Amino acid sequence: MILRGVATAIAAVAATAALLLSLAPWAGDWIAAADIAAAALPVAPVLAVLAIGFAWRRSVMLTAIAMIALGIATATFAYEWRDAPKVSTPGRGLVIITHNIAVRNADPAGTIATLAASDADILILQETEGTVRPYLGQLRRSFPYASECRKPCSLAIFSRIPLTRVRYRFRDETGKPFGPGLVQTRVRLPGVTGGFVLASVHLSRRLTLEGQSEARRALAEAAARVGTRSLVVAGDFNLVPWSAAMRDFDAAVAPMRRVTRGLFSFPADFSGHAVPVPVLPIDHLFAGPDWGVRAVRRLPRTGSDHYPLRIELVWKGPDHCVTQDCR
């Protein structure tokens, strides 16, 4: 009887926690604090299975609650795992790697060597002011066009394709900055008149909920001012895709779309130990409707606590027949 009571108690706690966590991503539309708990959604299926194991043949109600929680969590993940539209156009793709390389990178030399040897056309990097900073110059051998920074900078862009001057924050026609902190440039894509604007961003999680909301609003407004048709924005958003905040941001930056759906990128490392299966997708790339998506995948871990993401885009905007076979 005692063991039965303990098992039922464990099932009750696990089932209740699983249900609350599975509902958190949707409760965030009404309760802002629930969005914080939304990050823990990957724990909900584990708790639900645990609850089912302890409640099976002991409590129909607890078993039902756990199954409901498991169903909600699974449906939420399934919604996120919908594939972004892919194109099979045989034209040349533009390969972008976005990577938070971490202030305390455990293997800075190896990380830079891996990025330098990649097939990327453009690297979009965050947290470049830490242990990797002395090695960043080595990337210039493979990526001759890059952001200049005389002091430690937390964001960087490296490219094999010519860029205009990489600037901090977006700029209007007079050169006056606007929008949130980021680095941005115009990529001179061969054959495409005017090229396109690309930005590296890192939204801080250290702000208050109001501060985080304001940062996202400012980024969305700045993107609209720049023009979203060909804009590419990538980086560490510190935002899980199933949160209410991400749903709001997805809507705010439309017609841009988040093409890195279902790509779990964090953590890659925990207390010095490799994490082979990351549980949080907080690194993202948004692209305007002038872009098609050929391939999106997570790359092997580096010395960072984030996994790098590789995205291959195909230009579908004006002059697109110059970059691909339109016959």
# chains A, B, ... in the order shown; residues from 1 in each chain; ligands from 1
call {"tool": "select_by_dssp", "arguments": {"residues": "region 9-133 of chain A", "states": "alpha helix (DSSP H)", "output": "VMD selection string"}}
result
chain A and resid 9 to 27 34 to 38 43 to 55 60 to 80 108 to 116
call {"tool": "residues_around", "arguments": {"residues": "region 29-45 of chain A", "least_positions_apart": "2", "cutoff": "10 Å", "atoms": "only C-alpha atoms", "output": "PDB file with C-alpha atoms, in the first residue's frame"}}
result
ATOM      1  CA  ALA A  14       4.615  14.306 -13.007  1.00  0.00           C
ATOM      2  CA  ALA A  15       1.246  14.399 -14.782  1.00  0.00           C
ATOM      3  CA  THR A  16       0.374  17.837 -13.394  1.00  0.00           C
ATOM      4  CA  ALA A  17       3.786  19.260 -14.301  1.00  0.00           C
ATOM      5  CA  ALA A  18       3.596  17.731 -17.780  1.00  0.00           C
ATOM      6  CA  LEU A  19       0.170  19.244 -18.396  1.00  0.00           C
ATOM      7  CA  LEU A  20       1.235  22.695 -17.202  1.00  0.00           C
ATOM      8  CA  LEU A  21       4.398  22.658 -19.318  1.00  0.00           C
ATOM      9  CA  SER A  22       2.534  21.438 -22.405  1.00  0.00           C
ATOM     10  CA  LEU A  23       0.022  24.281 -22.021  1.00  0.00           C
ATOM     11  CA  ALA A  24       2.639  26.965 -21.305  1.00  0.00           C
ATOM     12  CA  PRO A  25       3.423  27.746 -24.988  1.00  0.00           C
ATOM     13  CA  TRP A  26      -0.240  28.533 -25.591  1.00  0.00           C
ATOM     14  CA  ALA A  27      -0.932  30.213 -22.261  1.00  0.00           C
ATOM     15  CA  LEU A  47       7.278  13.767 -17.415  1.00  0.00           C
ATOM     16  CA  ALA A  48       4.169  12.506 -19.196  1.00  0.00           C
ATOM     17  CA  VAL A  49       5.744   9.126 -19.953  1.00  0.00           C
ATOM     18  CA  LEU A  50       6.984   8.929 -16.363  1.00  0.00           C
ATOM     19  CA  ALA A  51       3.492   9.677 -15.077  1.00  0.00           C
ATOM     20  CA  ALA A  66      -0.540  12.452 -18.733  1.00  0.00           C
ATOM     21  CA  MET A  67      -1.739  11.247 -22.141  1.00  0.00           C
ATOM     22  CA  ALA A  69      -0.181  16.397 -21.869  1.00  0.00           C
ATOM     23  CA  LEU A  70       1.809  14.090 -24.133  1.00  0.00           C
ATOM     24  CA  GLY A  71      -0.608  14.725 -26.987  1.00  0.00           C
ATOM     25  CA  ILE A  72      -0.454  18.517 -26.609  1.00  0.00           C
ATOM     26  CA  ALA A  73       3.351  18.522 -26.439  1.00  0.00           C
ATOM     27  CA  THR A  74       3.621  16.221 -29.457  1.00  0.00           C
ATOM     28  CA  THR A  76       3.189  21.494 -30.560  1.00  0.00           C
ATOM     29  CA  PHE A  77       6.440  19.925 -31.723  1.00  0.00           C
ATOM     30  CA  LEU A 209      10.157  40.546 -20.306  1.00  0.00           C
ATOM     31  CA  GLU A 210       9.170  44.075 -21.314  1.00  0.00           C
ATOM     32  CA  ASN A 238      17.140  33.359 -27.353  1.00  0.00           C
ATOM     33  CA  LEU A 239      13.586  32.450 -28.235  1.00  0.00           C
ATOM     34  CA  VAL A 240      12.029  29.008 -28.620  1.00  0.00           C
ATOM     35  CA  PRO A 241       9.770  28.732 -31.674  1.00  0.00           C
ATOM     36  CA  TRP A 242       6.751  27.346 -29.834  1.00  0.00           C
ATOM     37  CA  SER A 243       6.501  30.390 -27.550  1.00  0.00           C
ATOM     38  CA  ALA A 244       3.840  33.052 -27.912  1.00  0.00           C
ATOM     39  CA  ALA A 245       6.620  35.607 -28.298  1.00  0.00           C
ATOM     40  CA  MET A 246       7.963  33.803 -31.362  1.00  0.00           C
ATOM     41  CA  ARG A 247       4.509  33.492 -32.889  1.00  0.00           C
ATOM     42  CA  ASP A 248       4.092  37.246 -32.473  1.00  0.00           C
ATOM     43  CA  VAL A 279      16.810  20.422 -26.720  1.00  0.00           C
ATOM     44  CA  LEU A 280      16.224  24.091 -27.561  1.00  0.00           C
ATOM     45  CA  PRO A 281      15.950  25.715 -31.009  1.00  0.00           C
ATOM     46  CA  ILE A 282      16.992  29.299 -30.216  1.00  0.00           C
TER      47      ILE A 282
END
call {"tool": "select_by_dssp", "arguments": {"residues": "region 50-242 of chain A", "states": "strand (DSSP E)", "output": "number ranges by chain"}}
result
A: 94-100, 122-126, 145-146, 155-159, 167-171, 177-187, 196-202, 232-236
call {"tool": "atom_distance", "arguments": {"atom1": "CA of Phe270 (chain A)", "atom2": "CA of Leu203 (chain A)"}}
result
21.4 Å
call {"tool": "closest_residue", "arguments": {"among": "A:Leu163, A:Ala146, A:Leu285, A:Val277", "to": "His306 (chain A)", "atoms": "only C-alpha atoms"}}
result
A:Val277
call {"tool": "residues_around", "arguments": {"residues": "Gly179 (chain A)", "least_positions_apart": "2", "cutoff": "9 Å", "atoms": "only C-alpha atoms", "output": "list in words"}}
result
Arg169, Phe170, Arg171, Pro177, Gly181, Leu182, Ala215, Ala218, Leu219, Ala220, Glu221, Ala222 and Ala223 of chain A
call {"tool": "residues_around", "arguments": {"residues": "Gly194 (chain A)", "least_positions_apart": "3", "cutoff": "12 Å", "atoms": "only C-alpha atoms", "output": "PyMOL selection string"}}
result
chain A and resi 163-164+185-191+197+230+317-319
call {"tool": "atom_distance", "arguments": {"atom1": "CA of Val201 (chain A)", "atom2": "CA of Val233 (chain A)"}}
result
7.2 Å
call {"tool": "residues_around", "arguments": {"residues": "Leu263 (chain A)", "least_positions_apart": "3", "cutoff": "10 Å", "atoms": "only C-alpha atoms", "output": "PyMOL selection string"}}
result
chain A and resi 80-81+241+259-260+266+278-284+296-298+307+309
call {"tool": "closest_atom_pairs", "arguments": {"of": "region 34-98 of chain A", "to": "region 122-127 of chain A", "cutoff": "10 Å", "atoms": "only C-alpha atoms", "output": "JSON lines"}}
result
{"residue": "A:Leu94", "atom": "CA", "partner": "A:Ile122", "partner_atom": "CA", "distance": 8.0}
{"residue": "A:Val95", "atom": "CA", "partner": "A:Ile122", "partner_atom": "CA", "distance": 6.6}
{"residue": "A:Ile96", "atom": "CA", "partner": "A:Ile122", "partner_atom": "CA", "distance": 4.9}
{"residue": "A:Ile97", "atom": "CA", "partner": "A:Leu123", "partner_atom": "CA", "distance": 5.0}
{"residue": "A:Thr98", "atom": "CA", "partner": "A:Ile124", "partner_atom": "CA", "distance": 4.6}
call {"tool": "atom_distance", "arguments": {"atom1": "CA of Gly195 (chain A)", "atom2": "CA of Asp250 (chain A)"}}
result
24.1 Å
